[in-house]
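Engineer: Structure in structure tokens, see below.
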Amino acid sequence: MKKYFVFFIISLFFIVSFSGKHPYHVGSVEINYNSKSKNFEITGRFFLDDLENGLSKKYGKPFRFNDPKYKTQLNESLKNYSSEYFKLKTNNQFTKVNFIGYEEDNESVNIYLESESVSNPQKVEAAVSFLYNLFDDQINLVHIVVNGNRKSEKLTYPNRYLFQQF
């Protein structure tokens, strides 16, 4: 019986590993304050297929990373998507965030954002809801770094708000 159980577990692992699907819907967002430029540099990292599906659901048309003919469409859509699903406040003031660009590989996409200039951030608030339009089990791990002090929090759908004091 034990042999069958081990065989079942190993078989299940291979089926899940090679099916092209991942069992968790997780993304990460790092909000890093650059004291020299006095702005926040934000990087979001998401599974490529999840982001393609999230954009397709939001905008009603197909999106394909790793295909040059979609590059312009992806830039515009990611800019709009990011501005809707990511907000930042510092010291009780909304902070403008600009889309810088994105990088992709076979499995993930990095989205790059940058805030306007902020002096001496003491309180940082963020609304992060990337891929909440697609998954009701989406988890976004959010890391905020100010002057070397790192604070992290896990946001699970539908929770999208967090704040940290520095």
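Identifiers for the structure tokens are assigned positionally: chains receive A, B, ... in sequence, residues are indexed from 1 per chain, and ligands are indexed from 1 in the order shown.
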Please provide the set of residues having any atom within 6 Å of Ile111 in chain A, restricted to only C-alpha atoms, with same-chain residues fewer than 4 positions apart removed, written as a PyMOL selection string.
Structural biologist: chain A and resi 43-44+102
Engineer: Quick check for you: according to DSSP on this backbone, which residues of range 11-159 of chain A are classed as strand (DSSP E)? Reply as a compact mmCIF listing (two decimals) with all heavy atoms, in the first residue's frame.
Structural biologist:
```
# COMPACT_ATOMS: atom_id res chain seq x y z
N VAL A 26 -0.17 33.81 -7.24
CA VAL A 26 0.63 34.67 -6.37
C VAL A 26 1.42 35.65 -7.23
O VAL A 26 1.94 35.30 -8.28
CB VAL A 26 1.63 33.83 -5.54
CG1 VAL A 26 2.49 34.72 -4.66
CG2 VAL A 26 0.91 32.79 -4.71
N GLY A 27 1.48 36.88 -6.74
CA GLY A 27 2.33 37.89 -7.34
C GLY A 27 3.08 38.60 -6.23
O GLY A 27 2.76 38.46 -5.05
N SER A 28 4.10 39.35 -6.62
CA SER A 28 4.81 40.13 -5.61
C SER A 28 5.00 41.55 -6.12
O SER A 28 5.15 41.78 -7.32
CB SER A 28 6.16 39.49 -5.27
OG SER A 28 7.05 39.61 -6.35
N VAL A 29 4.97 42.47 -5.17
CA VAL A 29 5.17 43.89 -5.49
C VAL A 29 6.17 44.44 -4.49
O VAL A 29 5.96 44.33 -3.28
CB VAL A 29 3.85 44.68 -5.42
CG1 VAL A 29 4.09 46.16 -5.67
CG2 VAL A 29 2.83 44.12 -6.40
N GLU A 30 7.27 45.00 -4.99
CA GLU A 30 8.25 45.64 -4.12
C GLU A 30 8.20 47.14 -4.36
O GLU A 30 8.31 47.60 -5.50
CB GLU A 30 9.66 45.12 -4.35
CG GLU A 30 10.65 45.80 -3.42
CD GLU A 30 11.89 44.99 -3.14
OE1 GLU A 30 11.78 43.76 -3.02
OE2 GLU A 30 12.95 45.62 -3.03
N ILE A 31 8.03 47.89 -3.27
CA ILE A 31 7.95 49.35 -3.31
C ILE A 31 9.19 49.85 -2.57
O ILE A 31 9.25 49.80 -1.35
CB ILE A 31 6.65 49.83 -2.62
CG1 ILE A 31 5.43 49.16 -3.26
CG2 ILE A 31 6.55 51.35 -2.67
CD1 ILE A 31 4.15 49.31 -2.45
N ASN A 32 10.17 50.28 -3.33
CA ASN A 32 11.48 50.60 -2.76
C ASN A 32 11.76 52.10 -2.89
O ASN A 32 11.80 52.62 -4.00
CB ASN A 32 12.55 49.79 -3.50
CG ASN A 32 13.90 49.84 -2.83
OD1 ASN A 32 14.05 50.41 -1.75
ND2 ASN A 32 14.88 49.26 -3.47
N TYR A 33 11.97 52.76 -1.75
CA TYR A 33 12.26 54.20 -1.76
C TYR A 33 13.73 54.42 -2.07
O TYR A 33 14.62 53.89 -1.39
CB TYR A 33 11.90 54.84 -0.42
CG TYR A 33 12.13 56.33 -0.39
CD1 TYR A 33 11.34 57.17 -1.16
CD2 TYR A 33 13.12 56.88 0.39
CE1 TYR A 33 11.53 58.54 -1.15
CE2 TYR A 33 13.33 58.26 0.41
CZ TYR A 33 12.53 59.09 -0.37
OH TYR A 33 12.73 60.44 -0.35
N ASN A 34 14.00 55.21 -3.10
CA ASN A 34 15.36 55.58 -3.48
C ASN A 34 15.64 56.96 -2.90
O ASN A 34 15.10 57.96 -3.38
CB ASN A 34 15.49 55.57 -5.00
CG ASN A 34 16.89 55.87 -5.47
OD1 ASN A 34 17.64 56.62 -4.84
ND2 ASN A 34 17.25 55.28 -6.60
N ASN A 39 12.31 59.10 -4.95
CA ASN A 39 11.07 58.53 -5.46
C ASN A 39 11.01 57.04 -5.12
O ASN A 39 11.99 56.45 -4.68
CB ASN A 39 10.91 58.78 -6.96
CG ASN A 39 12.00 58.15 -7.78
OD1 ASN A 39 12.78 57.33 -7.32
ND2 ASN A 39 12.08 58.54 -9.04
N PHE A 40 9.84 56.48 -5.30
CA PHE A 40 9.65 55.05 -5.09
C PHE A 40 9.81 54.33 -6.43
O PHE A 40 9.24 54.74 -7.44
CB PHE A 40 8.26 54.75 -4.52
CG PHE A 40 8.13 55.06 -3.07
CD1 PHE A 40 7.63 56.28 -2.65
CD2 PHE A 40 8.52 54.13 -2.10
CE1 PHE A 40 7.51 56.58 -1.30
CE2 PHE A 40 8.41 54.42 -0.75
CZ PHE A 40 7.90 55.64 -0.35
N GLU A 41 10.60 53.27 -6.40
CA GLU A 41 10.76 52.40 -7.56
C GLU A 41 9.96 51.14 -7.25
O GLU A 41 10.21 50.47 -6.25
CB GLU A 41 12.23 52.10 -7.77
CG GLU A 41 13.03 53.36 -8.06
CD GLU A 41 14.55 53.17 -7.95
OE1 GLU A 41 15.00 52.14 -7.40
OE2 GLU A 41 15.26 54.07 -8.41
N ILE A 42 9.00 50.84 -8.09
CA ILE A 42 8.07 49.75 -7.83
C ILE A 42 8.26 48.67 -8.90
O ILE A 42 8.30 48.96 -10.09
CB ILE A 42 6.61 50.24 -7.84
CG1 ILE A 42 6.40 51.30 -6.77
CG2 ILE A 42 5.63 49.10 -7.63
CD1 ILE A 42 6.17 52.68 -7.28
N THR A 43 8.37 47.43 -8.43
CA THR A 43 8.46 46.29 -9.33
C THR A 43 7.39 45.28 -8.95
O THR A 43 7.33 44.84 -7.80
CB THR A 43 9.84 45.61 -9.24
OG1 THR A 43 10.86 46.57 -9.52
CG2 THR A 43 9.94 44.45 -10.22
N GLY A 44 6.55 44.94 -9.90
CA GLY A 44 5.56 43.88 -9.72
C GLY A 44 5.98 42.68 -10.53
O GLY A 44 6.40 42.82 -11.68
N ARG A 45 5.90 41.50 -9.93
CA ARG A 45 6.28 40.26 -10.63
C ARG A 45 5.10 39.30 -10.57
O ARG A 45 4.60 38.99 -9.49
CB ARG A 45 7.51 39.64 -9.99
CG ARG A 45 8.03 38.43 -10.73
CD ARG A 45 9.32 37.94 -10.07
NE ARG A 45 9.86 36.82 -10.79
CZ ARG A 45 10.82 36.88 -11.70
NH1 ARG A 45 11.36 38.04 -12.01
NH2 ARG A 45 11.25 35.80 -12.29
N PHE A 46 4.69 38.82 -11.76
CA PHE A 46 3.51 37.98 -11.88
C PHE A 46 3.76 36.85 -12.87
O PHE A 46 4.58 36.99 -13.78
CB PHE A 46 2.31 38.81 -12.34
CG PHE A 46 2.06 40.00 -11.46
CD1 PHE A 46 2.57 41.24 -11.80
CD2 PHE A 46 1.36 39.86 -10.28
CE1 PHE A 46 2.38 42.32 -10.97
CE2 PHE A 46 1.17 40.95 -9.44
CZ PHE A 46 1.68 42.18 -9.79
N PHE A 47 3.01 35.76 -12.71
CA PHE A 47 3.09 34.69 -13.69
C PHE A 47 2.60 35.23 -15.03
O PHE A 47 1.57 35.91 -15.11
CB PHE A 47 2.24 33.49 -13.28
CG PHE A 47 2.84 32.67 -12.18
CD1 PHE A 47 2.29 32.68 -10.91
CD2 PHE A 47 3.96 31.88 -12.42
CE1 PHE A 47 2.83 31.90 -9.89
CE2 PHE A 47 4.51 31.11 -11.41
CZ PHE A 47 3.95 31.12 -10.14
N PHE A 86 -3.06 49.67 -8.88
CA PHE A 86 -2.01 50.05 -7.93
C PHE A 86 -2.12 51.55 -7.63
O PHE A 86 -2.05 52.36 -8.54
CB PHE A 86 -0.61 49.73 -8.47
CG PHE A 86 0.47 50.09 -7.51
CD1 PHE A 86 0.81 49.23 -6.48
CD2 PHE A 86 1.14 51.30 -7.60
CE1 PHE A 86 1.79 49.56 -5.56
CE2 PHE A 86 2.12 51.65 -6.70
CZ PHE A 86 2.45 50.78 -5.67
N LYS A 87 -2.27 51.87 -6.35
CA LYS A 87 -2.32 53.27 -5.89
C LYS A 87 -1.34 53.40 -4.73
O LYS A 87 -1.13 52.47 -3.94
CB LYS A 87 -3.72 53.65 -5.40
CG LYS A 87 -4.84 53.43 -6.40
CD LYS A 87 -4.80 54.42 -7.51
CE LYS A 87 -6.01 54.22 -8.41
NZ LYS A 87 -5.85 54.76 -9.71
N LEU A 88 -0.77 54.60 -4.60
CA LEU A 88 0.22 54.85 -3.56
C LEU A 88 -0.04 56.19 -2.89
O LEU A 88 -0.32 57.19 -3.58
CB LEU A 88 1.62 54.85 -4.19
CG LEU A 88 2.82 54.96 -3.26
CD1 LEU A 88 2.92 53.74 -2.36
CD2 LEU A 88 4.10 55.11 -4.08
N LYS A 89 0.03 56.18 -1.56
CA LYS A 89 -0.05 57.41 -0.77
C LYS A 89 1.16 57.46 0.14
O LYS A 89 1.55 56.44 0.71
CB LYS A 89 -1.31 57.43 0.12
CG LYS A 89 -2.58 57.83 -0.57
CD LYS A 89 -3.77 57.71 0.36
CE LYS A 89 -3.98 58.95 1.18
NZ LYS A 89 -5.26 58.88 1.95
N THR A 90 1.75 58.64 0.26
CA THR A 90 2.83 58.83 1.21
C THR A 90 2.52 60.05 2.05
O THR A 90 2.10 61.09 1.52
CB THR A 90 4.19 59.01 0.51
OG1 THR A 90 4.10 60.05 -0.44
CG2 THR A 90 4.62 57.73 -0.18
N GLN A 93 -0.79 61.79 1.43
CA GLN A 93 -1.00 62.44 0.14
C GLN A 93 -0.89 61.39 -0.98
O GLN A 93 0.05 60.60 -0.99
CB GLN A 93 0.06 63.52 -0.11
CG GLN A 93 0.08 64.64 0.91
CD GLN A 93 -1.13 65.55 0.76
OE1 GLN A 93 -1.55 65.86 -0.35
NE2 GLN A 93 -1.69 65.97 1.88
N PHE A 94 -1.84 61.43 -1.92
CA PHE A 94 -1.72 60.53 -3.06
C PHE A 94 -0.46 60.89 -3.83
O PHE A 94 -0.14 62.06 -4.01
CB PHE A 94 -2.94 60.63 -3.98
CG PHE A 94 -4.09 59.79 -3.49
CD1 PHE A 94 -5.16 60.36 -2.83
CD2 PHE A 94 -4.09 58.41 -3.69
CE1 PHE A 94 -6.21 59.60 -2.37
CE2 PHE A 94 -5.14 57.63 -3.23
CZ PHE A 94 -6.20 58.23 -2.57
N VAL A 97 2.04 57.82 -9.77
CA VAL A 97 2.90 56.71 -10.15
C VAL A 97 2.86 56.56 -11.67
O VAL A 97 1.78 56.54 -12.27
CB VAL A 97 2.45 55.40 -9.46
CG1 VAL A 97 3.28 54.23 -9.93
CG2 VAL A 97 2.51 55.55 -7.95
N ASN A 98 4.04 56.47 -12.27
CA ASN A 98 4.15 56.35 -13.73
C ASN A 98 4.61 54.95 -14.12
O ASN A 98 5.46 54.35 -13.47
CB ASN A 98 5.17 57.36 -14.27
CG ASN A 98 4.74 58.78 -14.00
OD1 ASN A 98 3.63 59.17 -14.32
ND2 ASN A 98 5.61 59.55 -13.37
N PHE A 99 4.05 54.47 -15.22
CA PHE A 99 4.45 53.19 -15.79
C PHE A 99 5.76 53.41 -16.55
O PHE A 99 5.86 54.31 -17.39
CB PHE A 99 3.35 52.69 -16.75
CG PHE A 99 3.71 51.45 -17.49
CD1 PHE A 99 3.66 50.22 -16.87
CD2 PHE A 99 4.07 51.50 -18.83
CE1 PHE A 99 3.97 49.05 -17.56
CE2 PHE A 99 4.39 50.35 -19.53
CZ PHE A 99 4.34 49.12 -18.89
N ILE A 100 6.77 52.60 -16.25
CA ILE A 100 8.08 52.72 -16.91
C ILE A 100 8.21 51.69 -18.03
O ILE A 100 8.71 51.98 -19.10
CB ILE A 100 9.23 52.53 -15.89
CG1 ILE A 100 9.11 53.56 -14.76
CG2 ILE A 100 10.59 52.60 -16.56
CD1 ILE A 100 9.18 55.00 -15.21
N GLY A 101 7.75 50.47 -17.78
CA GLY A 101 7.87 49.42 -18.79
C GLY A 101 7.72 48.05 -18.16
O GLY A 101 7.33 47.92 -17.01
N TYR A 102 8.06 47.04 -18.94
CA TYR A 102 7.97 45.67 -18.44
C TYR A 102 9.05 44.82 -19.08
O TYR A 102 9.60 45.16 -20.13
CB TYR A 102 6.59 45.07 -18.68
CG TYR A 102 6.30 44.74 -20.12
CD1 TYR A 102 6.51 43.46 -20.61
CD2 TYR A 102 5.81 45.70 -21.00
CE1 TYR A 102 6.25 43.15 -21.94
CE2 TYR A 102 5.55 45.40 -22.32
CZ TYR A 102 5.77 44.12 -22.79
OH TYR A 102 5.52 43.82 -24.10
N GLU A 103 9.37 43.71 -18.42
CA GLU A 103 10.26 42.69 -18.94
C GLU A 103 9.56 41.36 -18.78
O GLU A 103 8.81 41.16 -17.82
CB GLU A 103 11.57 42.63 -18.16
CG GLU A 103 12.52 43.75 -18.43
CD GLU A 103 13.81 43.59 -17.63
OE1 GLU A 103 13.77 43.20 -16.45
OE2 GLU A 103 14.87 43.89 -18.22
N GLU A 104 9.84 40.46 -19.69
CA GLU A 104 9.19 39.16 -19.65
C GLU A 104 10.23 38.05 -19.84
O GLU A 104 11.29 38.29 -20.41
CB GLU A 104 8.13 39.08 -20.74
CG GLU A 104 8.72 39.30 -22.12
CD GLU A 104 7.70 39.67 -23.16
OE1 GLU A 104 7.10 40.74 -23.08
OE2 GLU A 104 7.51 38.85 -24.06
N SER A 108 7.36 34.50 -16.28
CA SER A 108 6.93 35.64 -15.47
C SER A 108 7.12 36.96 -16.21
O SER A 108 7.82 37.03 -17.21
CB SER A 108 7.69 35.67 -14.14
OG SER A 108 9.06 35.91 -14.38
N VAL A 109 6.47 37.97 -15.65
CA VAL A 109 6.57 39.33 -16.19
C VAL A 109 6.88 40.26 -15.02
O VAL A 109 6.26 40.16 -13.96
CB VAL A 109 5.24 39.77 -16.85
CG1 VAL A 109 5.30 41.21 -17.30
CG2 VAL A 109 4.90 38.87 -18.02
N ASN A 110 7.84 41.14 -15.23
CA ASN A 110 8.13 42.20 -14.27
C ASN A 110 7.54 43.50 -14.82
O ASN A 110 7.83 43.86 -15.97
CB ASN A 110 9.62 42.40 -14.05
CG ASN A 110 10.26 41.26 -13.29
OD1 ASN A 110 9.58 40.53 -12.59
ND2 ASN A 110 11.56 41.12 -13.43
N ILE A 111 6.76 44.19 -14.00
CA ILE A 111 6.21 45.49 -14.36
C ILE A 111 6.95 46.53 -13.55
O ILE A 111 7.10 46.39 -12.33
CB ILE A 111 4.70 45.56 -14.04
CG1 ILE A 111 3.93 44.50 -14.83
CG2 ILE A 111 4.15 46.96 -14.32
CD1 ILE A 111 2.48 44.37 -14.42
N TYR A 112 7.43 47.60 -14.21
CA TYR A 112 8.20 48.63 -13.54
C TYR A 112 7.41 49.93 -13.49
O TYR A 112 6.92 50.42 -14.52
CB TYR A 112 9.53 48.85 -14.24
CG TYR A 112 10.37 47.60 -14.28
CD1 TYR A 112 10.57 46.89 -15.46
CD2 TYR A 112 10.97 47.11 -13.12
CE1 TYR A 112 11.33 45.74 -15.49
CE2 TYR A 112 11.74 45.96 -13.13
CZ TYR A 112 11.91 45.28 -14.32
OH TYR A 112 12.67 44.12 -14.34
N LEU A 113 7.31 50.48 -12.29
CA LEU A 113 6.63 51.75 -12.06
C LEU A 113 7.56 52.66 -11.25
O LEU A 113 8.48 52.16 -10.59
CB LEU A 113 5.33 51.52 -11.27
CG LEU A 113 4.37 50.46 -11.78
CD1 LEU A 113 3.28 50.17 -10.75
CD2 LEU A 113 3.75 50.90 -13.09
N GLU A 114 7.29 53.95 -11.29
CA GLU A 114 8.09 54.90 -10.52
C GLU A 114 7.20 56.05 -10.06
O GLU A 114 6.39 56.55 -10.83
CB GLU A 114 9.23 55.43 -11.39
CG GLU A 114 10.22 56.29 -10.67
CD GLU A 114 11.37 56.67 -11.58
OE1 GLU A 114 11.17 57.55 -12.43
OE2 GLU A 114 12.45 56.07 -11.46
N SER A 115 7.38 56.45 -8.81
CA SER A 115 6.55 57.53 -8.27
C SER A 115 7.18 58.88 -8.57
O SER A 115 8.36 58.99 -8.90
CB SER A 115 6.39 57.37 -6.75
OG SER A 115 7.57 57.78 -6.08
N LYS A 123 4.90 57.63 6.39
CA LYS A 123 3.77 56.71 6.31
C LYS A 123 3.54 56.37 4.83
O LYS A 123 3.42 57.27 4.00
CB LYS A 123 2.51 57.35 6.90
CG LYS A 123 1.30 56.47 6.89
CD LYS A 123 0.10 57.16 7.53
CE LYS A 123 -1.10 56.26 7.54
NZ LYS A 123 -2.28 56.93 8.10
N VAL A 124 3.51 55.09 4.54
CA VAL A 124 3.30 54.63 3.16
C VAL A 124 2.04 53.78 3.14
O VAL A 124 1.92 52.83 3.91
CB VAL A 124 4.51 53.82 2.65
CG1 VAL A 124 4.27 53.33 1.23
CG2 VAL A 124 5.79 54.65 2.73
N GLU A 125 1.12 54.15 2.27
CA GLU A 125 -0.12 53.39 2.09
C GLU A 125 -0.18 52.94 0.63
O GLU A 125 0.17 53.70 -0.26
CB GLU A 125 -1.33 54.27 2.39
CG GLU A 125 -1.37 54.81 3.80
CD GLU A 125 -2.50 55.80 3.99
OE1 GLU A 125 -3.66 55.33 4.03
OE2 GLU A 125 -2.22 57.00 4.07
N ALA A 126 -0.65 51.74 0.42
CA ALA A 126 -0.76 51.23 -0.94
C ALA A 126 -2.06 50.45 -1.09
O ALA A 126 -2.54 49.83 -0.15
CB ALA A 126 0.43 50.32 -1.27
N ALA A 127 -2.61 50.54 -2.28
CA ALA A 127 -3.76 49.72 -2.67
C ALA A 127 -3.24 48.85 -3.82
O ALA A 127 -2.90 49.35 -4.88
CB ALA A 127 -4.92 50.58 -3.12
N VAL A 128 -3.16 47.56 -3.57
CA VAL A 128 -2.60 46.62 -4.53
C VAL A 128 -3.66 45.55 -4.82
O VAL A 128 -4.03 44.80 -3.92
CB VAL A 128 -1.32 45.96 -3.98
CG1 VAL A 128 -0.74 44.98 -4.99
CG2 VAL A 128 -0.29 47.00 -3.57
N ILE A 139 -3.10 36.11 -4.29
CA ILE A 139 -2.29 36.61 -3.17
C ILE A 139 -1.23 37.53 -3.75
O ILE A 139 -0.54 37.16 -4.70
CB ILE A 139 -1.61 35.45 -2.42
CG1 ILE A 139 -2.65 34.51 -1.81
CG2 ILE A 139 -0.65 35.99 -1.35
CD1 ILE A 139 -2.05 33.21 -1.29
N ASN A 140 -1.11 38.73 -3.20
CA ASN A 140 -0.04 39.64 -3.57
C ASN A 140 0.83 39.88 -2.35
O ASN A 140 0.35 40.37 -1.33
CB ASN A 140 -0.61 40.95 -4.12
CG ASN A 140 -1.21 40.78 -5.49
OD1 ASN A 140 -0.64 40.14 -6.36
ND2 ASN A 140 -2.39 41.34 -5.70
N LEU A 141 2.09 39.51 -2.47
CA LEU A 141 3.05 39.76 -1.41
C LEU A 141 3.65 41.13 -1.67
O LEU A 141 4.20 41.38 -2.74
CB LEU A 141 4.15 38.70 -1.43
CG LEU A 141 3.65 37.26 -1.33
CD1 LEU A 141 4.79 36.27 -1.55
CD2 LEU A 141 2.99 37.02 0.01
N VAL A 142 3.51 42.02 -0.69
CA VAL A 142 3.95 43.41 -0.88
C VAL A 142 5.07 43.71 0.10
O VAL A 142 4.94 43.49 1.30
CB VAL A 142 2.77 44.39 -0.67
CG1 VAL A 142 3.21 45.81 -0.92
CG2 VAL A 142 1.60 44.02 -1.59
N HIS A 143 6.17 44.22 -0.44
CA HIS A 143 7.34 44.58 0.35
C HIS A 143 7.56 46.09 0.18
O HIS A 143 7.64 46.56 -0.95
CB HIS A 143 8.58 43.84 -0.13
CG HIS A 143 8.36 42.37 -0.30
ND1 HIS A 143 8.29 41.50 0.76
CD2 HIS A 143 8.15 41.62 -1.41
CE1 HIS A 143 8.08 40.28 0.32
NE2 HIS A 143 7.97 40.33 -0.99
N ILE A 144 7.65 46.80 1.28
CA ILE A 144 7.93 48.23 1.25
C ILE A 144 9.27 48.45 1.93
O ILE A 144 9.47 48.00 3.07
CB ILE A 144 6.83 49.04 1.95
CG1 ILE A 144 5.46 48.76 1.33
CG2 ILE A 144 7.14 50.53 1.90
CD1 ILE A 144 4.29 49.39 2.05
N VAL A 145 10.18 49.12 1.23
CA VAL A 145 11.51 49.37 1.76
C VAL A 145 11.76 50.87 1.77
O VAL A 145 11.71 51.51 0.72
CB VAL A 145 12.60 48.66 0.92
CG1 VAL A 145 13.97 48.86 1.53
CG2 VAL A 145 12.28 47.18 0.75
N VAL A 146 12.02 51.41 2.96
CA VAL A 146 12.34 52.83 3.11
C VAL A 146 13.61 52.93 3.95
O VAL A 146 13.63 52.44 5.10
CB VAL A 146 11.18 53.62 3.77
CG1 VAL A 146 11.58 55.06 4.01
CG2 VAL A 146 9.93 53.54 2.91
N ASN A 149 14.86 49.90 5.75
CA ASN A 149 13.89 49.26 6.63
C ASN A 149 12.82 48.59 5.77
O ASN A 149 12.06 49.26 5.09
CB ASN A 149 13.28 50.31 7.57
CG ASN A 149 12.41 49.70 8.65
OD1 ASN A 149 12.25 48.49 8.73
ND2 ASN A 149 11.84 50.56 9.47
N ARG A 150 12.77 47.26 5.81
CA ARG A 150 11.86 46.49 4.96
C ARG A 150 10.69 45.96 5.78
O ARG A 150 10.87 45.33 6.82
CB ARG A 150 12.62 45.32 4.35
CG ARG A 150 11.82 44.43 3.44
CD ARG A 150 12.69 43.25 3.00
NE ARG A 150 12.02 42.41 2.07
CZ ARG A 150 12.10 42.52 0.75
NH1 ARG A 150 12.85 43.45 0.21
NH2 ARG A 150 11.46 41.68 -0.03
N LYS A 151 9.48 46.20 5.27
CA LYS A 151 8.27 45.68 5.90
C LYS A 151 7.47 44.97 4.82
O LYS A 151 7.29 45.49 3.72
CB LYS A 151 7.46 46.80 6.54
CG LYS A 151 8.22 47.49 7.67
CD LYS A 151 7.38 48.50 8.40
CE LYS A 151 8.19 49.12 9.54
NZ LYS A 151 7.38 50.04 10.32
N SER A 152 6.98 43.79 5.15
CA SER A 152 6.26 42.97 4.18
C SER A 152 4.89 42.60 4.71
O SER A 152 4.69 42.49 5.91
CB SER A 152 7.05 41.69 3.88
OG SER A 152 8.31 42.00 3.35
N GLU A 153 3.98 42.41 3.76
CA GLU A 153 2.63 42.01 4.12
C GLU A 153 2.04 41.18 2.98
O GLU A 153 2.33 41.40 1.82
CB GLU A 153 1.77 43.25 4.37
CG GLU A 153 0.47 42.95 5.06
CD GLU A 153 -0.17 44.20 5.64
OE1 GLU A 153 0.54 45.12 6.05
OE2 GLU A 153 -1.41 44.23 5.68
N LYS A 154 1.19 40.23 3.35
CA LYS A 154 0.50 39.39 2.37
C LYS A 154 -0.93 39.92 2.23
O LYS A 154 -1.66 40.01 3.21
CB LYS A 154 0.48 37.95 2.84
CG LYS A 154 -0.27 37.01 1.93
CD LYS A 154 -0.17 35.58 2.38
CE LYS A 154 -1.23 35.29 3.40
NZ LYS A 154 -1.37 33.86 3.69
N LEU A 155 -1.30 40.27 1.01
CA LEU A 155 -2.67 40.70 0.72
C LEU A 155 -3.37 39.58 -0.03
O LEU A 155 -2.92 39.15 -1.08
CB LEU A 155 -2.68 41.97 -0.13
CG LEU A 155 -2.07 43.21 0.52
CD1 LEU A 155 -2.07 44.37 -0.48
CD2 LEU A 155 -2.82 43.59 1.77
N THR A 156 -4.46 39.12 0.53
CA THR A 156 -5.25 38.05 -0.08
C THR A 156 -6.60 38.62 -0.48
O THR A 156 -7.22 39.34 0.29
CB THR A 156 -5.45 36.90 0.94
OG1 THR A 156 -4.16 36.47 1.40
CG2 THR A 156 -6.16 35.73 0.30
```
Engineer: Would you pick out the contacts of Asp137 in chain A at 9 Å or less, using only C-alpha atoms, so that residues sharing its chain but fewer than 3 positions from it are not included, and give the list as a PyMOL selection string?
Structural biologist: chain A and resi 24-26+132+156-158
Engineer: So that I can see what lies close to range 62-72 of chain A, please list as a JSON list (two decimals) with N, CA, C and O atoms, in the first residue's frame the residues with an atom at most 8 Å from it, counting only C-alpha atoms and leaving out residues fewer than 5 positions away in the same chain.
Structural biologist:
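Below is the file part23.json, written as the result:
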```json
[["chain", "number", "residue", "atom", "x", "y", "z"],
["A", 48, "LEU", "N", 3.34, 34.91, -16.08],
["A", 48, "LEU", "CA", 3.04, 35.40, -17.42],
["A", 48, "LEU", "C", 1.64, 35.02, -17.87],
["A", 48, "LEU", "O", 0.88, 35.87, -18.35],
["A", 52, "GLU", "N", -1.47, 37.57, -18.77],
["A", 52, "GLU", "CA", -2.13, 37.54, -20.09],
["A", 52, "GLU", "C", -3.63, 37.37, -19.93],
["A", 52, "GLU", "O", -4.42, 38.10, -20.56],
["A", 53, "ASN", "N", -4.04, 36.43, -19.09],
["A", 53, "ASN", "CA", -5.47, 36.18, -18.89],
["A", 53, "ASN", "C", -6.16, 37.34, -18.19],
["A", 53, "ASN", "O", -7.31, 37.67, -18.51],
["A", 55, "LEU", "N", -5.31, 40.55, -18.35],
["A", 55, "LEU", "CA", -5.45, 41.63, -19.33],
["A", 55, "LEU", "C", -6.54, 41.30, -20.35],
["A", 55, "LEU", "O", -7.34, 42.16, -20.72],
["A", 56, "SER", "N", -6.57, 40.05, -20.80],
["A", 56, "SER", "CA", -7.60, 39.63, -21.77],
["A", 56, "SER", "C", -9.00, 39.78, -21.19],
["A", 56, "SER", "O", -9.91, 40.26, -21.88],
["A", 104, "GLU", "N", 9.84, 40.46, -19.69],
["A", 104, "GLU", "CA", 9.19, 39.16, -19.65],
["A", 104, "GLU", "C", 10.23, 38.05, -19.84],
["A", 104, "GLU", "O", 11.29, 38.29, -20.41],
["A", 105, "ASP", "N", 9.91, 36.89, -19.32],
["A", 105, "ASP", "CA", 10.65, 35.69, -19.65],
["A", 105, "ASP", "C", 9.62, 34.60, -19.93],
["A", 105, "ASP", "O", 8.45, 34.91, -20.15],
["A", 106, "ASN", "N", 10.01, 33.36, -19.91],
["A", 106, "ASN", "CA", 9.08, 32.29, -20.29],
["A", 106, "ASN", "C", 7.95, 32.10, -19.29],
["A", 106, "ASN", "O", 6.89, 31.59, -19.64]]
```
Engineer: Pick out each residue of range 53-161 of chain A that DSSP on the backbone tags as helix (DSSP H, G or I); I need them as a PyMOL selection string.
Structural biologist: chain A and resi 53-59+68-85
Engineer: What's the separation between CA of Gly60 in chain A and CA of Phe135 in chain A, in Å to one decimal place?
Structural biologist: 16.3 Å
Engineer: Nearest to Tyr161 in chain A: which of A:Thr95, A:Ser129, A:Gln73, A:Ser82 is it, counting only C-alpha atoms?
Structural biologist: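 Ranked by minimum distance to Tyr161 in chain A, first place goes to A:Ser129.
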Engineer: Between CA of Lys79 in chain A and CA of Leu131 in chain A, what distance in Å does the model show, to one decimal?
Structural biologist: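 Separation of CA of Lys79 in chain A and CA of Leu131 in chain A: 14.3 Å.
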